[in-house]
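A.B. asks: Got run-v4.cif for you, mmCIF, C-alpha atoms and all ligand atoms:
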data_upload
#
loop_
_atom_site.label_atom_id
_atom_site.label_comp_id
_atom_site.auth_asym_id
_atom_site.auth_seq_id
_atom_site.Cartn_x
_atom_site.Cartn_y
_atom_site.Cartn_z
CA MET Y 27 -0.99 6.09 -49.96
CA ASN Y 28 2.03 6.65 -47.88
CA ASN Y 29 3.30 3.61 -46.03
CA THR Y 30 4.10 5.37 -42.81
CA TYR Y 31 2.14 5.62 -39.61
CA THR Y 32 2.61 6.97 -36.10
CA ILE Y 33 0.78 6.40 -32.84
CA ALA Y 34 1.25 7.81 -29.36
CA ILE Y 35 -0.68 7.09 -26.17
CA HIS Y 36 -0.78 8.35 -22.59
CA GLY Y 37 -2.11 7.02 -19.32
CA GLY Y 38 -2.04 10.28 -17.35
CA ALA Y 39 0.59 12.64 -16.01
CA GLY Y 40 1.40 13.40 -12.40
CA THR Y 41 3.60 12.79 -9.38
CA LEU Y 42 5.44 9.92 -10.93
CA VAL Y 43 8.79 9.75 -9.23
CA LYS Y 44 11.13 6.86 -9.82
CA GLY Y 45 11.37 4.54 -6.83
CA LEU Y 46 7.88 5.22 -5.45
CA MET Y 47 6.35 2.34 -7.32
CA THR Y 48 7.41 -1.29 -6.98
CA GLU Y 49 9.19 -2.74 -9.97
CA ALA Y 50 6.37 -5.23 -10.40
CA LEU Y 51 3.74 -2.47 -10.61
CA GLU Y 52 5.91 -0.46 -12.95
CA ALA Y 53 6.17 -3.52 -15.20
CA LYS Y 54 2.38 -3.88 -15.13
CA TYR Y 55 1.90 -0.28 -16.25
CA LYS Y 56 4.40 -0.73 -19.06
CA GLU Y 57 2.72 -3.94 -20.14
CA ALA Y 58 -0.68 -2.20 -20.27
CA LEU Y 59 0.76 0.71 -22.27
CA GLN Y 60 2.42 -1.75 -24.66
CA ALA Y 61 -0.85 -3.63 -25.13
CA ALA Y 62 -2.66 -0.39 -25.99
CA LEU Y 63 0.13 0.63 -28.36
CA ASP Y 64 -0.02 -2.78 -30.04
CA ALA Y 65 -3.79 -2.56 -30.47
CA GLY Y 66 -3.53 0.83 -32.14
CA SER Y 67 -0.48 -0.08 -34.24
CA LYS Y 68 -2.17 -3.21 -35.54
CA VAL Y 69 -4.98 -1.12 -36.99
CA LEU Y 70 -2.48 1.22 -38.64
CA GLU Y 71 -0.25 -1.56 -39.96
CA ASN Y 72 -3.28 -3.05 -41.67
CA LYS Y 73 -3.86 0.29 -43.39
CA GLY Y 74 -6.73 1.10 -41.04
CA THR Y 75 -7.75 4.63 -40.12
CA ALA Y 76 -6.34 6.87 -37.43
CA ILE Y 77 -9.77 7.17 -35.83
CA ASP Y 78 -10.03 3.36 -35.55
CA ALA Y 79 -6.51 3.22 -34.14
CA VAL Y 80 -7.05 5.79 -31.39
CA GLU Y 81 -10.32 4.15 -30.39
CA ALA Y 82 -8.70 0.70 -30.28
CA ALA Y 83 -5.80 1.95 -28.14
CA VAL Y 84 -8.05 3.83 -25.71
CA ILE Y 85 -10.35 0.80 -25.31
CA VAL Y 86 -7.40 -1.26 -24.05
CA LEU Y 87 -6.54 1.45 -21.52
CA GLU Y 88 -10.20 1.80 -20.45
CA ASP Y 89 -10.38 -1.95 -19.88
CA SER Y 90 -7.35 -1.87 -17.59
CA PRO Y 91 -7.96 -1.18 -13.86
CA LEU Y 92 -4.63 0.67 -13.72
CA PHE Y 93 -5.84 3.86 -15.36
CA ASN Y 94 -8.50 6.38 -14.38
CA ALA Y 95 -10.84 5.69 -17.28
CA GLY Y 96 -13.45 3.03 -17.95
CA LYS Y 97 -12.91 0.14 -15.53
CA GLY Y 98 -10.41 2.01 -13.34
CA SER Y 99 -12.45 5.22 -13.00
CA VAL Y 100 -12.27 7.05 -9.68
CA PHE Y 101 -15.17 7.46 -7.25
CA THR Y 102 -17.38 10.56 -7.15
CA ASN Y 103 -18.50 12.06 -3.84
CA THR Y 104 -21.56 9.81 -3.84
CA GLY Y 105 -19.57 6.66 -4.56
CA THR Y 106 -20.50 6.40 -8.21
CA HIS Y 107 -18.34 6.60 -11.35
CA GLU Y 108 -19.00 9.39 -13.81
CA MET Y 109 -16.96 9.12 -16.96
CA ASP Y 110 -16.08 11.57 -19.73
CA ALA Y 111 -14.58 10.93 -23.17
CA SER Y 112 -14.08 12.49 -26.58
CA ILE Y 113 -12.78 11.73 -30.03
CA MET Y 114 -11.94 13.84 -33.08
CA ASP Y 115 -11.14 13.06 -36.70
CA GLY Y 116 -8.59 15.42 -38.23
CA LYS Y 117 -9.67 14.55 -41.75
CA ASN Y 118 -13.03 16.31 -41.56
CA LEU Y 119 -13.04 17.94 -38.10
CA GLU Y 120 -15.86 15.67 -37.00
CA ALA Y 121 -15.98 15.15 -33.27
CA GLY Y 122 -17.88 13.53 -30.44
CA GLY Y 123 -17.84 14.15 -26.69
CA VAL Y 124 -19.67 12.66 -23.75
CA SER Y 125 -19.70 13.40 -20.07
CA LEU Y 126 -21.27 12.30 -16.79
CA ILE Y 127 -22.05 8.80 -17.95
CA THR Y 128 -22.23 5.77 -15.68
CA GLY Y 129 -21.89 2.06 -16.32
CA VAL Y 130 -20.58 2.43 -19.86
CA LYS Y 131 -17.76 -0.05 -20.46
CA ASN Y 132 -16.02 2.01 -23.15
CA PRO Y 133 -16.87 5.71 -23.05
CA VAL Y 134 -14.57 6.39 -26.02
CA SER Y 135 -16.78 4.24 -28.25
CA LEU Y 136 -19.86 6.09 -27.07
CA SER Y 137 -18.20 9.39 -27.98
CA ARG Y 138 -17.51 7.93 -31.42
CA ASP Y 139 -21.16 6.89 -31.77
CA ILE Y 140 -22.17 10.45 -30.90
CA MET Y 141 -19.85 11.69 -33.64
CA GLU Y 142 -21.05 9.24 -36.25
CA LYS Y 143 -24.61 8.37 -35.36
CA SER Y 144 -26.16 11.44 -33.76
CA ASP Y 145 -26.70 14.93 -35.11
CA HIS Y 146 -24.74 16.32 -32.19
CA VAL Y 147 -21.23 16.72 -30.92
CA PHE Y 148 -21.64 16.58 -27.15
CA LEU Y 149 -24.10 14.65 -24.99
CA ALA Y 150 -24.17 14.51 -21.20
CA GLY Y 151 -25.67 12.61 -18.28
CA GLU Y 152 -29.12 11.11 -18.51
CA GLY Y 153 -29.62 12.09 -22.12
CA ALA Y 154 -26.29 10.57 -23.11
CA MET Y 155 -27.33 7.36 -21.35
CA LYS Y 156 -30.57 7.31 -23.33
CA PHE Y 157 -28.63 7.75 -26.53
CA ALA Y 158 -26.32 4.91 -25.40
CA ALA Y 159 -29.34 2.68 -24.85
CA SER Y 160 -30.57 3.46 -28.36
CA GLN Y 161 -27.19 2.33 -29.72
CA GLY Y 162 -26.98 -0.85 -27.65
CA THR Y 163 -23.85 0.45 -25.90
CA LYS Y 164 -22.24 -2.16 -23.67
CA LEU Y 165 -22.88 -1.51 -19.99
CA GLU Y 166 -21.33 -3.03 -16.88
CA ASP Y 167 -22.60 -3.16 -13.30
CA GLU Y 168 -21.08 -1.30 -10.35
CA ALA Y 169 -18.95 -4.29 -9.37
CA TYR Y 170 -17.05 -4.06 -12.65
CA PHE Y 171 -15.90 -0.55 -11.79
CA TYR Y 172 -14.97 -1.36 -8.17
CA ASP Y 173 -11.30 -1.08 -7.43
CA GLU Y 174 -9.96 -1.31 -3.89
CA LEU Y 175 -7.28 1.33 -4.41
CA ARG Y 176 -9.72 3.83 -5.91
CA TYR Y 177 -12.14 3.10 -3.08
CA GLN Y 178 -9.46 3.83 -0.49
CA GLN Y 179 -8.56 7.08 -2.27
CA TRP Y 180 -12.18 8.10 -2.01
CA GLN Y 181 -12.51 7.02 1.67
CA HIS Y 182 -9.57 9.25 2.41
CA ILE Y 183 -11.36 12.43 1.39
CA LYS Y 184 -15.01 11.36 1.47
CA GLY Y 185 -17.18 13.79 3.40
CA SER Y 186 -14.65 16.59 2.95
CA ASP Y 187 -15.08 19.48 0.62
CA THR Y 188 -12.01 18.55 -1.36
CA PHE Y 189 -11.77 16.80 -4.66
CA GLN Y 190 -8.74 14.88 -5.66
CA LEU Y 191 -6.99 15.21 -8.91
CA ASP Y 192 -5.59 11.90 -10.04
CA HIS Y 193 -2.33 13.87 -10.45
CA ALA Y 194 -0.44 16.81 -9.18
CA SER Y 195 2.30 17.36 -6.69
CA ALA Y 196 2.05 21.12 -6.45
CA THR Y 197 -1.61 21.88 -5.85
CA PRO Y 198 -2.68 25.06 -7.54
CA LYS Y 199 -5.93 25.23 -5.62
CA ASP Y 200 -6.24 24.40 -1.95
CA LYS Y 201 -9.29 22.26 -2.55
CA ILE Y 202 -7.45 20.00 -4.90
CA LYS Y 203 -5.71 17.37 -2.82
CA LYS Y 204 -2.44 15.78 -3.67
CA ASP Y 205 -2.41 12.19 -4.75
CA GLY Y 206 0.03 9.72 -6.19
CA LYS Y 207 -2.31 7.96 -8.60
CA PHE Y 208 -2.90 8.99 -12.13
CA GLY Y 209 -4.66 7.90 -15.13
CA THR Y 210 -6.71 9.78 -17.69
CA VAL Y 211 -5.93 8.04 -20.97
CA GLY Y 212 -5.57 9.16 -24.55
CA ALA Y 213 -4.24 8.36 -27.99
CA VAL Y 214 -3.24 10.25 -31.14
CA ALA Y 215 -2.39 8.71 -34.49
CA LEU Y 216 -1.42 9.30 -38.11
CA ASP Y 217 -2.54 6.64 -40.57
CA MET Y 218 -1.14 5.59 -43.95
CA HIS Y 219 -3.80 7.67 -45.70
CA GLY Y 220 -2.33 10.83 -44.16
CA ASN Y 221 -5.15 11.42 -41.68
CA ILE Y 222 -4.73 12.12 -37.98
CA ALA Y 223 -7.08 11.63 -35.02
CA ALA Y 224 -7.20 12.00 -31.24
CA ALA Y 225 -9.18 10.48 -28.36
CA THR Y 226 -9.25 10.97 -24.57
CA SER Y 227 -11.12 9.18 -21.77
CA THR Y 228 -11.30 9.72 -18.00
CA GLY Y 229 -13.08 9.08 -14.74
CA GLY Y 230 -12.29 12.68 -13.75
CA MET Y 231 -11.41 13.47 -10.14
CA THR Y 232 -11.98 11.51 -6.93
CA ASN Y 233 -14.83 12.92 -4.81
CA LYS Y 234 -15.96 15.25 -7.60
CA LYS Y 235 -19.48 16.59 -7.25
CA TRP Y 236 -22.09 18.86 -8.82
CA GLY Y 237 -21.66 17.25 -12.19
CA ARG Y 238 -18.09 18.43 -12.45
CA VAL Y 239 -16.68 17.98 -15.94
CA GLY Y 240 -13.00 18.35 -16.83
CA ASP Y 241 -11.21 19.03 -20.08
CA SER Y 242 -11.09 15.44 -21.34
CA PRO Y 243 -14.48 15.34 -23.12
CA MET Y 244 -14.23 18.92 -24.36
CA ILE Y 245 -13.19 19.36 -27.95
CA GLY Y 246 -10.48 22.00 -28.04
CA ALA Y 247 -9.55 21.64 -24.37
CA GLY Y 248 -8.60 17.98 -23.81
CA THR Y 249 -8.84 16.70 -27.37
CA TYR Y 250 -8.38 18.18 -30.83
CA ALA Y 251 -7.44 16.96 -34.32
CA ASN Y 252 -6.99 18.73 -37.63
CA ASN Y 253 -4.98 17.29 -40.52
CA GLU Y 254 -3.66 20.79 -41.26
CA THR Y 255 -2.01 21.07 -37.86
CA CYS Y 256 -2.03 18.33 -35.23
CA ALA Y 257 -3.89 15.74 -33.16
CA VAL Y 258 -3.69 16.29 -29.40
CA SER Y 259 -4.81 14.46 -26.25
CA CYS Y 260 -4.25 16.09 -22.86
CA THR Y 261 -3.99 15.03 -19.25
CA GLY Y 262 -3.76 17.30 -16.26
CA SER Y 263 -5.68 19.61 -13.97
CA GLY Y 264 -8.83 19.87 -16.06
CA GLU Y 265 -10.04 23.25 -14.81
CA PHE Y 266 -6.82 24.84 -16.05
CA PHE Y 267 -6.77 22.91 -19.29
CA ILE Y 268 -10.28 24.15 -20.05
CA ARG Y 269 -9.28 27.75 -19.37
CA GLY Y 270 -6.17 27.35 -21.50
CA VAL Y 271 -8.12 25.66 -24.33
CA VAL Y 272 -4.95 23.64 -24.46
CA ALA Y 273 -5.41 21.21 -27.34
CA TYR Y 274 -6.69 23.90 -29.69
CA ASP Y 275 -4.04 26.31 -28.50
CA VAL Y 276 -1.34 23.93 -29.76
CA SER Y 277 -3.12 23.78 -33.13
CA CYS Y 278 -3.51 27.57 -33.24
CA LEU Y 279 0.16 28.20 -32.54
CA MET Y 280 1.00 26.00 -35.50
CA GLU Y 281 -1.65 27.47 -37.78
CA TYR Y 282 -1.38 31.16 -36.96
CA LYS Y 283 2.22 31.46 -35.85
CA GLY Y 284 3.87 28.77 -37.92
CA LEU Y 285 5.39 26.99 -34.93
CA SER Y 286 6.42 23.35 -35.33
CA LEU Y 287 4.48 20.68 -33.47
CA GLU Y 288 7.17 20.42 -30.84
CA GLU Y 289 7.53 24.18 -30.36
CA ALA Y 290 3.78 24.70 -30.09
CA ALA Y 291 3.23 21.91 -27.57
CA LYS Y 292 6.21 23.03 -25.50
CA GLU Y 293 5.02 26.64 -25.41
CA VAL Y 294 1.60 25.56 -24.14
CA ILE Y 295 2.73 23.01 -21.54
CA GLN Y 296 5.93 24.63 -20.29
CA ASN Y 297 4.80 28.22 -20.44
CA ARG Y 298 1.16 29.18 -20.99
CA ILE Y 299 -0.58 26.55 -18.86
CA LEU Y 300 2.02 26.81 -16.10
CA LYS Y 301 1.46 30.57 -15.93
CA ILE Y 302 -2.15 30.04 -14.91
CA GLY Y 303 -1.22 27.24 -12.50
CA GLY Y 304 -2.03 24.15 -14.51
CA ASP Y 305 -0.04 20.97 -14.36
CA GLY Y 306 -0.09 18.04 -16.71
CA GLY Y 307 0.98 17.13 -20.19
CA LEU Y 308 -0.13 16.13 -23.64
CA ILE Y 309 0.68 13.86 -26.55
CA ALA Y 310 0.50 15.11 -30.12
CA VAL Y 311 1.26 14.07 -33.68
CA ASP Y 312 1.12 15.93 -36.96
CA ALA Y 313 0.42 14.76 -40.50
CA LYS Y 314 4.16 14.51 -41.21
CA GLY Y 315 4.52 11.86 -38.51
CA ASN Y 316 6.22 14.04 -35.91
CA ILE Y 317 5.46 13.22 -32.27
CA THR Y 318 5.81 15.26 -29.12
CA MET Y 319 4.91 14.35 -25.54
CA PRO Y 320 5.69 17.27 -23.19
CA PHE Y 321 4.65 17.37 -19.52
CA ASN Y 322 5.37 19.72 -16.64
CA THR Y 323 4.83 17.12 -13.90
CA GLU Y 324 7.33 14.56 -12.60
CA GLY Y 325 6.17 11.99 -15.07
CA MET Y 326 3.61 10.85 -17.58
CA TYR Y 327 2.67 7.33 -18.61
CA ARG Y 328 3.39 7.43 -22.30
CA ALA Y 329 4.36 5.39 -25.32
CA PHE Y 330 4.74 5.74 -29.06
CA LYS Y 331 5.45 3.70 -32.15
CA LYS Y 332 6.35 4.65 -35.69
CA SER Y 333 6.24 2.51 -38.81
CA ASN Y 334 10.02 2.86 -39.15
CA GLY Y 335 10.38 0.82 -35.97
CA ASP Y 336 11.07 3.66 -33.53
CA THR Y 337 9.21 2.95 -30.31
CA MET Y 338 9.26 3.84 -26.62
CA VAL Y 339 7.31 3.08 -23.44
CA SER Y 340 8.12 5.45 -20.61
CA ILE Y 341 6.92 6.79 -17.27
CA TYR Y 342 9.43 9.19 -15.76
CA LYS Y 343 11.32 12.23 -16.94
CA GLU Y 344 14.28 11.08 -18.98
N1 LIG Y 401 -7.88 16.08 -17.12
C1 LIG Y 401 -8.66 15.17 -16.31
C2 LIG Y 401 -9.77 15.91 -15.64
O1 LIG Y 401 -9.56 17.02 -15.19
C3 LIG Y 401 -7.86 14.49 -15.27
C4 LIG Y 401 -6.67 13.75 -15.76
O2 LIG Y 401 -6.04 14.14 -16.73
O3 LIG Y 401 -6.32 12.72 -15.11
O4 LIG Y 401 -10.85 15.37 -15.51
#
Starting from the file, give its structure as structure tokens.

C.D. replies:
Amino acid sequence: MNNTYTIAIHGGAGTLVKGLMTEALEAKYKEALQAALDAGSKVLENKGTAIDAVEAAVIVLEDSPLFNAGKGSVFTNTGTHEMDASIMDGKNLEAGGVSLITGVKNPVSLSRDIMEKSDHVFLAGEGAMKFAASQGTKLEDEAYFYDELRYQQWQHIKGSDTFQLDHASATPKDKIKKDGKFGTVGAVALDMHGNIAAATSTGGMTNKKWGRVGDSPMIGAGTYANNETCAVSCTGSGEFFIRGVVAYDVSCLMEYKGLSLEEAAKEVIQNRILKIGGDGGLIAVDAKGNITMPFNTEGMYRAFKKSNGDTMVSIYKE
């Protein structure tokens, strides 16, 4: 066993410009990111697994009303909350994804149950809820997911044909409205056993309809992990991240072209995804403990910690 570990988390990328947020709110975001980082690091420090660490970190972010996942999920066009999540273990390429679920306190844990306790990789909607019931998944009522700010965001565009990305300054599609609030969450980690893992969780987009699903629950698009290459969790305009198969693309550039983690992630976020109009970012680690966190938006809620003591909690472009 190697005594080193690495963990990185994100709380969404978007129009995060310094000065727009009060100092008090900024401090709250940093505190929440630190708490998630601590939860994940604790698992790793105790020689726990990367998969446990990413789940633990994402649970803390899902339980915070500040991020668009779990408790803080945005409203759909019918005033409900439909959540998506996924998780992947780089050790054996096992994965779980779930979408269009309601009332589930921690979607990331349900995606893990799908990975470990079902014969499937991806479950959605009603069927996923039945599976959740069979596992005794913790549910919460509507009131738990109510957040005044999210409600106001929805009121703003309710009844219109637009859906609002919890991101984005430049809007690549006219139906995607600009907003200043962000929040899909994710984590990637390397444990002391040399294994890496990734997890992502989201409430998707405000006013979404027709069972819209973004990249976050999709293995290869929003989440991917393979010990041979990297563990990746994305945040951004989901439609574009699906088309770019972003998380897997980073892995492929490393595997097939021999790019480093940093080069591969940069190529995808600063070149390939931008070319098709996608904005957002990602966090990634590799089995050597390298970390990269590129984004092509103004900012991204992000944090990392390494066993050698290196750590950072950040929001804006440096
Ligand atoms: N990628 C997410 C989605 O499209 C949104 C986000 O990253 O905030 O559902």

A.B. asks: With distances taken over only C-alpha atoms and all ligand atoms, which of Y:Asn103, Y:Ser125, Y:Ser67, Y:Thr32 is nearest to ligand LIG 401 (chain Y)?

C.D. replies: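 When distances to ligand LIG 401 (chain Y) are compared using only C-alpha atoms and all ligand atoms, the smallest one comes from Y:Ser125.
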
A.B. asks: Could you list, as a PyMOL selection string, every residue within 12 Å of Trp236 in chain Y, counting all atoms listed in the file and ignoring same-chain residues fewer than 2 positions away?

C.D. replies: chain Y and resi 102-104+108+126+151+187+189+233-234+238-239

A.B. asks: As a PyMOL selection string, please: every protein or nucleic acid residue near ligand LIG 401 (chain Y) (cut-off 10 Å, counting only C-alpha atoms and all ligand atoms).

C.D. replies: chain Y and resi 36-40+93-95+99-100+109-111+190-194+207-212+226-232+234+238-243+247-248+259-268+305-308

A.B. asks: Got time to write the residues from that selection, C-alpha atoms, as a CSV table (one decimal), keeping the file's coordinate frame?

C.D. replies:
chain,number,residue,atom,x,y,z
Y,36,HIS,CA,-0.8,8.4,-22.6
Y,37,GLY,CA,-2.1,7.0,-19.3
Y,38,GLY,CA,-2.0,10.3,-17.4
Y,39,ALA,CA,0.6,12.6,-16.0
Y,40,GLY,CA,1.4,13.4,-12.4
Y,93,PHE,CA,-5.8,3.9,-15.4
Y,94,ASN,CA,-8.5,6.4,-14.4
Y,95,ALA,CA,-10.8,5.7,-17.3
Y,99,SER,CA,-12.4,5.2,-13.0
Y,100,VAL,CA,-12.3,7.0,-9.7
Y,109,MET,CA,-17.0,9.1,-17.0
Y,110,ASP,CA,-16.1,11.6,-19.7
Y,111,ALA,CA,-14.6,10.9,-23.2
Y,190,GLN,CA,-8.7,14.9,-5.7
Y,191,LEU,CA,-7.0,15.2,-8.9
Y,192,ASP,CA,-5.6,11.9,-10.0
Y,193,HIS,CA,-2.3,13.9,-10.4
Y,194,ALA,CA,-0.4,16.8,-9.2
Y,207,LYS,CA,-2.3,8.0,-8.6
Y,208,PHE,CA,-2.9,9.0,-12.1
Y,209,GLY,CA,-4.7,7.9,-15.1
Y,210,THR,CA,-6.7,9.8,-17.7
Y,211,VAL,CA,-5.9,8.0,-21.0
Y,212,GLY,CA,-5.6,9.2,-24.6
Y,226,THR,CA,-9.2,11.0,-24.6
Y,227,SER,CA,-11.1,9.2,-21.8
Y,228,THR,CA,-11.3,9.7,-18.0
Y,229,GLY,CA,-13.1,9.1,-14.7
Y,230,GLY,CA,-12.3,12.7,-13.8
Y,231,MET,CA,-11.4,13.5,-10.1
Y,232,THR,CA,-12.0,11.5,-6.9
Y,234,LYS,CA,-16.0,15.2,-7.6
Y,238,ARG,CA,-18.1,18.4,-12.4
Y,239,VAL,CA,-16.7,18.0,-15.9
Y,240,GLY,CA,-13.0,18.4,-16.8
Y,241,ASP,CA,-11.2,19.0,-20.1
Y,242,SER,CA,-11.1,15.4,-21.3
Y,243,PRO,CA,-14.5,15.3,-23.1
Y,247,ALA,CA,-9.6,21.6,-24.4
Y,248,GLY,CA,-8.6,18.0,-23.8
Y,259,SER,CA,-4.8,14.5,-26.2
Y,260,CYS,CA,-4.2,16.1,-22.9
Y,261,THR,CA,-4.0,15.0,-19.2
Y,262,GLY,CA,-3.8,17.3,-16.3
Y,263,SER,CA,-5.7,19.6,-14.0
Y,264,GLY,CA,-8.8,19.9,-16.1
Y,265,GLU,CA,-10.0,23.2,-14.8
Y,266,PHE,CA,-6.8,24.8,-16.0
Y,267,PHE,CA,-6.8,22.9,-19.3
Y,268,ILE,CA,-10.3,24.2,-20.0
Y,305,ASP,CA,0.0,21.0,-14.4
Y,306,GLY,CA,-0.1,18.0,-16.7
Y,307,GLY,CA,1.0,17.1,-20.2
Y,308,LEU,CA,-0.1,16.1,-23.6

A.B. asks: So the first atom is CA of Thr106 in chain Y and the second is CA of Thr128 in chain Y; what is the distance between them in Å, to one decimal place?

C.D. replies: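 Answer for the CA of Thr106 in chain Y to CA of Thr128 in chain Y separation: 7.7 Å.
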
A.B. asks: By how many Å are CA of Asp275 in chain Y and CA of Pro320 in chain Y apart?

C.D. replies: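 That distance, rounded to one decimal, is 14.3 Å.
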
A.B. asks: Rank Y:Ile302, Y:His182, Y:Leu59, Y:Ala225 by their smallest atom-to-atom distance to Leu136 in chain Y, using only C-alpha atoms, and report the top residue only.

C.D. replies: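 Residue with the minimum atom-to-atom distance to Leu136 in chain Y: Y:Ala225.
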
A.B. asks: Would you list the contacts of Leu279 in chain Y as a PyMOL selection string, taking every protein, DNA or RNA residue within 9 Å and counting only C-alpha atoms, but skipping same-chain residues closer than 6 positions in sequence?

C.D. replies: chain Y and resi 285-287+289-291+293-294

A.B. asks: Could you check which of Y:Leu92, Y:Met244, Y:Leu87, Y:Val43 is closest to Tyr55 in chain Y, using all atoms listed in the file?

C.D. replies: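 The answer is Y:Leu92, which sits nearest to Tyr55 in chain Y.
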
A.B. asks: My list of candidates is Y:Thr318, Y:Ala273, Y:Phe101, Y:Gly304. Which is closest to Gln178 in chain Y when distances are computed with all atoms listed in the file?

C.D. replies: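 That would be Y:Phe101, the residue with the smallest distance to Gln178 in chain Y.
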
A.B. asks: Give me, please, the distance in Å between CA of Tyr327 in chain Y and CA of Lys117 in chain Y, quoted to one decimal.

C.D. replies: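 Spanning CA of Tyr327 in chain Y to CA of Lys117 in chain Y is a straight-line distance of 27.2 Å.
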
A.B. asks: Nearest to Ala61 in chain Y: which of Y:Ala150, Y:Ala224, Y:Val258, Y:Val86 is it, counting only C-alpha atoms?

C.D. replies: Y:Val86

A.B. asks: In terms of the shortest atom-to-atom distance over only C-alpha atoms, which of Y:Lys156, Y:Arg176, Y:Lys73, Y:Lys143 is closest to Lys97 in chain Y?

C.D. replies: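 Distance minimum relative to Lys97 in chain Y lands on Y:Arg176.
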
A.B. asks: Within 12 Å of Gln161 in chain Y, counting all atoms listed in the file, which residues show up once you throw out same-chain ones fewer than 3 positions away? Write them as number ranges by chain, please.

C.D. replies: Y: 130, 135-140, 142-144, 154-158, 164-165

A.B. asks: Take every atom of range 300-303 of chain Y listed in the file, pad by 8 Å on each side, and give me the axis-aligned box centre and edge lengths in Å, one decimal, as JSON.

C.D. replies:
{"center_x": -0.1, "center_y": 28.7, "center_z": -14.3, "size_x": 20.2, "size_y": 19.8, "size_z": 19.6}

A.B. asks: How would you write as a list of chain:residue names the residues that get within 7 Å of (7.4, 3.8, -23.9) in the file's frame, counting all atoms listed in the file?

C.D. replies: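 Those residues lying close to the given coordinates are Y:Arg328, Y:Ala329, Y:Phe330, Y:Thr337, Y:Met338, Y:Val339, Y:Ser340.
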
A.B. asks: Sorted by chain and rising residue number, list the residues of range 32-63 of chain Y at most 8 Å from range 214-217 of chain Y (counting only C-alpha atoms), each with its closest atom pair and distance in Å to one decimal, as CSV.

C.D. replies:
residue,atom,partner,partner_atom,distance
Y:Thr32,CA,Y:Leu216,CA,5.1
Y:Ile33,CA,Y:Ala215,CA,4.3
Y:Ala34,CA,Y:Val214,CA,5.4
Y:Ile35,CA,Y:Val214,CA,6.4

A.B. asks: How would range 325-329 of chain Y look written as a compact mmCIF listing (two decimals), in the first residue's frame with all heavy atoms?

C.D. replies:
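Result file is part37.txt:
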# COMPACT_ATOMS: atom_id res chain seq x y z
N GLY Y 325 -16.03 30.81 -13.46
CA GLY Y 325 -15.58 30.19 -12.22
C GLY Y 325 -16.10 28.78 -12.06
O GLY Y 325 -16.90 28.30 -12.88
N MET Y 326 -15.63 28.13 -11.04
CA MET Y 326 -16.12 26.79 -10.70
C MET Y 326 -15.86 26.59 -9.20
O MET Y 326 -14.74 26.79 -8.73
CB MET Y 326 -15.40 25.73 -11.53
CG MET Y 326 -15.84 24.31 -11.23
SD MET Y 326 -15.31 23.11 -12.50
CE MET Y 326 -13.62 22.80 -11.99
N TYR Y 327 -16.89 26.21 -8.48
CA TYR Y 327 -16.70 25.87 -7.07
C TYR Y 327 -15.85 24.61 -7.05
O TYR Y 327 -16.25 23.59 -7.63
CB TYR Y 327 -18.04 25.57 -6.41
CG TYR Y 327 -18.97 26.75 -6.32
CD1 TYR Y 327 -20.11 26.83 -7.10
CD2 TYR Y 327 -18.70 27.80 -5.43
CE1 TYR Y 327 -20.97 27.91 -7.01
CE2 TYR Y 327 -19.55 28.89 -5.34
CZ TYR Y 327 -20.69 28.93 -6.13
OH TYR Y 327 -21.54 30.01 -6.03
N ARG Y 328 -14.70 24.68 -6.39
CA ARG Y 328 -13.81 23.53 -6.45
C ARG Y 328 -12.88 23.47 -5.25
O ARG Y 328 -12.61 24.51 -4.63
CB ARG Y 328 -13.00 23.56 -7.75
CG ARG Y 328 -12.11 24.79 -7.87
CD ARG Y 328 -11.69 25.04 -9.30
NE ARG Y 328 -10.70 26.11 -9.41
CZ ARG Y 328 -10.97 27.41 -9.40
NH1 ARG Y 328 -12.21 27.84 -9.24
NH2 ARG Y 328 -10.00 28.30 -9.54
N ALA Y 329 -12.39 22.30 -4.97
CA ALA Y 329 -11.46 22.13 -3.85
C ALA Y 329 -10.71 20.83 -4.03
O ALA Y 329 -11.20 19.91 -4.69
CB ALA Y 329 -12.24 22.10 -2.54
